[in-house]
Amino acid sequence: MPDSRMGSSQTPRLTSIRAYLQKCEVTGEIGNDGDFKQHFRMSKQEHPLKVKKAWQNPMQNHVWSKAEIEERMNDLPTHTPETLTDKAMHFLVKTVLYRTFNLITGFDRTNPTAKSCEWRLIILESVAGVPGMVAAGMRHFRSLRTLRRDYGWIHTLLEEAENERMHLLVCLKMFDAGPLTRLAVVASQYTMVGFLGLTYLLHPKALHRFVGYLEETASQTYFDLVTAVNTPVRTPHPPP
């Protein structure tokens, strides 16, 4: 027979416990809402670019069709900075870094030389591969310290770093990196690792915004290159 002491007094308690515990939509684990630091694709927060979010294995890359590429070429999405952090990262990437890259590499978006493309793409991709690895490393160590799961963030950030590294290796199939280029890559890496690491420690969202704006400039750069290749010019440059 059931114990009378576990009668009506226990029912509300069990009900409240069941209401308190939830099932994670990604892992299927049972826990309270605070336990599930959900992957950003599963969070309720709206994507900055209004993109529909759905969690997927971040190590499986999507193979783009020609129609999808043409669609993206017709509409390059951009994020409008809203907060002070957004504006600071936007200014740093879109004004300081972008113009500095153009000045150092001699890159002219309307009619770039092969040498300026070499410099720009190698340095751009070597820098773009840093933030994802820095953030993934820090989240990895935090997961170890706190003895808690990370729910997909580490893999997503590693995939981003790997993706940029592959871009760099593709560029090196077309260009040879000379001593000056290699020196610039090493110098930029030493500088960016420290800066981005400190940024992620103090304000993780700022680093994610930095990467977002950096990806916008990278997309614009490749768009400009494709446009330049397909546009006749009066003073053509020799191919690399």
# chains A, B, ... in the order shown; residues from 1 in each chain; ligands from 1
>>> residues_around(residues="Tyr213 in chain A", least_positions_apart="4", cutoff="9 Å", atoms="only C-alpha atoms", output="list of chain:residue names")
A:Thr78, A:His79, A:Met89, A:His90, A:Val93, A:Lys94, A:His208, A:Arg209, A:Thr217, A:Ala218
>>> write_last_selection(atoms="N, CA and C atoms", output="PDB file, in the first residue's frame")
ATOM      1  N   THR A  78      24.311  42.729 -44.648  1.00  0.00           N
ATOM      2  CA  THR A  78      25.144  43.514 -43.738  1.00  0.00           C
ATOM      3  C   THR A  78      24.373  43.790 -42.460  1.00  0.00           C
ATOM      4  N   HIS A  79      25.107  43.917 -41.380  1.00  0.00           N
ATOM      5  CA  HIS A  79      24.503  44.191 -40.076  1.00  0.00           C
ATOM      6  C   HIS A  79      24.682  45.666 -39.731  1.00  0.00           C
ATOM      7  N   MET A  89      33.314  47.976 -32.948  1.00  0.00           N
ATOM      8  CA  MET A  89      33.833  46.897 -33.789  1.00  0.00           C
ATOM      9  C   MET A  89      33.645  47.222 -35.274  1.00  0.00           C
ATOM     10  N   HIS A  90      32.539  47.864 -35.604  1.00  0.00           N
ATOM     11  CA  HIS A  90      32.270  48.256 -36.992  1.00  0.00           C
ATOM     12  C   HIS A  90      33.325  49.253 -37.466  1.00  0.00           C
ATOM     13  N   VAL A  93      36.816  47.435 -37.852  1.00  0.00           N
ATOM     14  CA  VAL A  93      36.949  46.549 -39.007  1.00  0.00           C
ATOM     15  C   VAL A  93      36.747  47.284 -40.322  1.00  0.00           C
ATOM     16  N   LYS A  94      35.622  48.004 -40.431  1.00  0.00           N
ATOM     17  CA  LYS A  94      35.236  48.598 -41.712  1.00  0.00           C
ATOM     18  C   LYS A  94      36.040  49.848 -42.066  1.00  0.00           C
ATOM     19  N   HIS A 208      32.581  38.332 -31.217  1.00  0.00           N
ATOM     20  CA  HIS A 208      31.669  37.765 -32.214  1.00  0.00           C
ATOM     21  C   HIS A 208      31.238  38.835 -33.223  1.00  0.00           C
ATOM     22  N   ARG A 209      31.028  40.048 -32.757  1.00  0.00           N
ATOM     23  CA  ARG A 209      30.686  41.141 -33.667  1.00  0.00           C
ATOM     24  C   ARG A 209      31.856  41.453 -34.594  1.00  0.00           C
ATOM     25  N   THR A 217      33.401  42.145 -44.726  1.00  0.00           N
ATOM     26  CA  THR A 217      34.438  42.723 -45.584  1.00  0.00           C
ATOM     27  C   THR A 217      35.063  41.658 -46.478  1.00  0.00           C
ATOM     28  N   ALA A 218      35.207  40.431 -45.951  1.00  0.00           N
ATOM     29  CA  ALA A 218      35.752  39.345 -46.766  1.00  0.00           C
ATOM     30  C   ALA A 218      34.812  39.021 -47.928  1.00  0.00           C
TER      31      ALA A 218
END
>>> residues_around(residues="range 61-66 of chain A", least_positions_apart="4", cutoff="12 Å", atoms="only C-alpha atoms", output="list in words")
Gln56, Asn57, Glu70, Glu71, Arg72, Met73, Thr156, Glu159, Glu160, Glu162 and Asn163 of chain A
>>> atom_distance(atom1="CA of Thr110 in chain A", atom2="CA of Asn230 in chain A")
11.3 Å
>>> atom_distance(atom1="CA of Pro131 in chain A", atom2="CA of Arg99 in chain A")
20.1 Å
>>> atom_distance(atom1="CA of Tyr222 in chain A", atom2="CA of Leu196 in chain A")
24.1 Å
>>> select_by_dssp(residues="range 71-171 of chain A", states="alpha helix (DSSP H)", output="PyMOL selection string")
chain A and resi 71-74+84-90+98-105+114-146+153-171
>>> residues_around(residues="Gln189 in chain A", least_positions_apart="3", cutoff="10 Å", atoms="only C-alpha atoms", output="PyMOL selection string")
chain A and resi 123+126-130+183-186+192-195
>>> write_last_selection(atoms="all heavy atoms", output="compact mmCIF listing (two decimals), in the first residue's frame")
# COMPACT_ATOMS: atom_id res chain seq x y z
N ILE A 123 46.88 37.72 -46.29
CA ILE A 123 46.83 38.36 -44.97
C ILE A 123 45.42 38.30 -44.40
O ILE A 123 45.22 38.04 -43.21
CB ILE A 123 47.33 39.82 -45.06
CG1 ILE A 123 48.81 39.84 -45.46
CG2 ILE A 123 47.13 40.53 -43.72
CD1 ILE A 123 49.39 41.21 -45.63
N SER A 126 44.67 34.72 -43.22
CA SER A 126 45.50 34.34 -42.06
C SER A 126 45.00 35.03 -40.79
O SER A 126 45.08 34.46 -39.69
CB SER A 126 46.97 34.70 -42.31
OG SER A 126 47.15 36.10 -42.43
N VAL A 127 44.45 36.24 -40.93
CA VAL A 127 43.88 36.94 -39.79
C VAL A 127 42.49 36.37 -39.45
O VAL A 127 42.14 36.18 -38.29
CB VAL A 127 43.77 38.45 -40.07
CG1 VAL A 127 42.94 39.15 -39.00
CG2 VAL A 127 45.16 39.07 -40.13
N ALA A 128 41.70 36.07 -40.49
CA ALA A 128 40.34 35.59 -40.28
C ALA A 128 40.31 34.23 -39.58
O ALA A 128 39.31 33.88 -38.94
CB ALA A 128 39.61 35.48 -41.62
N GLY A 129 41.39 33.46 -39.68
CA GLY A 129 41.43 32.16 -39.02
C GLY A 129 41.78 32.22 -37.55
O GLY A 129 41.76 31.18 -36.87
N VAL A 130 42.08 33.41 -37.03
CA VAL A 130 42.49 33.53 -35.63
C VAL A 130 41.31 33.58 -34.64
O VAL A 130 41.33 32.86 -33.65
CB VAL A 130 43.39 34.78 -35.45
CG1 VAL A 130 43.70 35.01 -33.97
CG2 VAL A 130 44.69 34.61 -36.24
N LEU A 183 56.36 37.47 -43.10
CA LEU A 183 56.63 38.30 -41.93
C LEU A 183 55.37 39.06 -41.50
O LEU A 183 55.08 39.16 -40.30
CB LEU A 183 57.75 39.30 -42.25
CG LEU A 183 58.13 40.28 -41.13
CD1 LEU A 183 58.65 39.52 -39.92
CD2 LEU A 183 59.19 41.27 -41.63
N ALA A 184 54.62 39.55 -42.49
CA ALA A 184 53.38 40.26 -42.18
C ALA A 184 52.36 39.33 -41.54
O ALA A 184 51.64 39.73 -40.61
CB ALA A 184 52.80 40.87 -43.47
N VAL A 185 52.29 38.08 -42.00
CA VAL A 185 51.37 37.11 -41.43
C VAL A 185 51.72 36.82 -39.97
O VAL A 185 50.85 36.78 -39.10
CB VAL A 185 51.38 35.81 -42.25
CG1 VAL A 185 50.64 34.69 -41.52
CG2 VAL A 185 50.73 36.04 -43.61
N VAL A 186 53.01 36.60 -39.71
CA VAL A 186 53.45 36.30 -38.35
C VAL A 186 53.18 37.49 -37.42
O VAL A 186 52.67 37.33 -36.30
CB VAL A 186 54.95 35.94 -38.33
CG1 VAL A 186 55.46 35.82 -36.89
CG2 VAL A 186 55.19 34.64 -39.08
N MET A 192 47.05 39.90 -33.27
CA MET A 192 45.63 39.61 -33.18
C MET A 192 45.30 38.61 -32.08
O MET A 192 44.25 38.71 -31.45
CB MET A 192 45.13 39.08 -34.53
CG MET A 192 45.22 40.07 -35.67
SD MET A 192 44.37 41.63 -35.32
CE MET A 192 42.67 41.09 -35.27
N VAL A 193 46.17 37.63 -31.83
CA VAL A 193 45.90 36.64 -30.79
C VAL A 193 45.77 37.33 -29.42
O VAL A 193 44.83 37.07 -28.65
CB VAL A 193 46.99 35.56 -30.74
CG1 VAL A 193 46.86 34.72 -29.46
CG2 VAL A 193 46.88 34.66 -31.96
N GLY A 194 46.69 38.22 -29.12
CA GLY A 194 46.63 38.94 -27.84
C GLY A 194 45.42 39.85 -27.75
O GLY A 194 44.69 39.85 -26.74
N PHE A 195 45.18 40.61 -28.80
CA PHE A 195 44.05 41.55 -28.80
C PHE A 195 42.71 40.82 -28.72
O PHE A 195 41.84 41.17 -27.91
CB PHE A 195 44.09 42.41 -30.07
CG PHE A 195 42.84 43.19 -30.32
CD1 PHE A 195 42.52 44.29 -29.54
CD2 PHE A 195 41.97 42.82 -31.34
CE1 PHE A 195 41.34 45.00 -29.76
CE2 PHE A 195 40.81 43.52 -31.58
CZ PHE A 195 40.49 44.61 -30.79
>>> closest_residue(among="A:Leu144, A:Val226, A:Ala135, A:Ala187", to="His203 in chain A", atoms="only C-alpha atoms")
A:Ala135
>>> residues_around(residues="Cys117 in chain A", least_positions_apart="2", cutoff="12 Å", atoms="only C-alpha atoms", output="number ranges by chain")
A: 101-102, 104-115, 119-125, 171-172, 174-177, 221-222, 224-226, 228-229, 237, 239-240
>>> closest_residue(among="A:Met138, A:Leu84, A:Met133, A:Val170", to="Leu158 in chain A", atoms="only C-alpha atoms")
A:Met133
>>> residues_around(residues="Leu92 in chain A", least_positions_apart="4", cutoff="12 Å", atoms="only C-alpha atoms", output="list of chain:residue names")
A:Thr85, A:Asp86, A:Lys87, A:Ala88, A:Val96, A:Leu97, A:Tyr98, A:Arg99, A:Thr100, A:Ala206, A:Leu207, A:Arg209, A:Phe210, A:Val211, A:Tyr213, A:Leu214, A:Thr217
>>> write_last_selection(atoms="C-alpha atoms", output="short mmCIF file (atom, residue, chain, number, x, y, z; two decimals), in the first residue's frame")
data_model
loop_
_atom_site.label_atom_id
_atom_site.label_comp_id
_atom_site.auth_asym_id
_atom_site.auth_seq_id
_atom_site.Cartn_x
_atom_site.Cartn_y
_atom_site.Cartn_z
CA THR A 85 30.17 47.76 -28.89
CA ASP A 86 28.72 47.21 -32.36
CA LYS A 87 29.79 50.67 -33.45
CA ALA A 88 33.29 50.24 -32.01
CA VAL A 96 40.64 51.06 -39.61
CA LEU A 97 41.47 47.54 -40.79
CA TYR A 98 39.81 47.74 -44.22
CA ARG A 99 41.47 51.01 -45.20
CA THR A 100 44.80 49.93 -43.70
CA ALA A 206 32.42 42.11 -28.98
CA LEU A 207 34.64 39.43 -30.53
CA ARG A 209 30.69 41.14 -33.67
CA PHE A 210 34.28 41.66 -34.82
CA VAL A 211 34.14 38.35 -36.70
CA TYR A 213 32.03 42.51 -39.64
CA LEU A 214 35.26 40.86 -40.77
CA THR A 217 34.44 42.72 -45.58
#
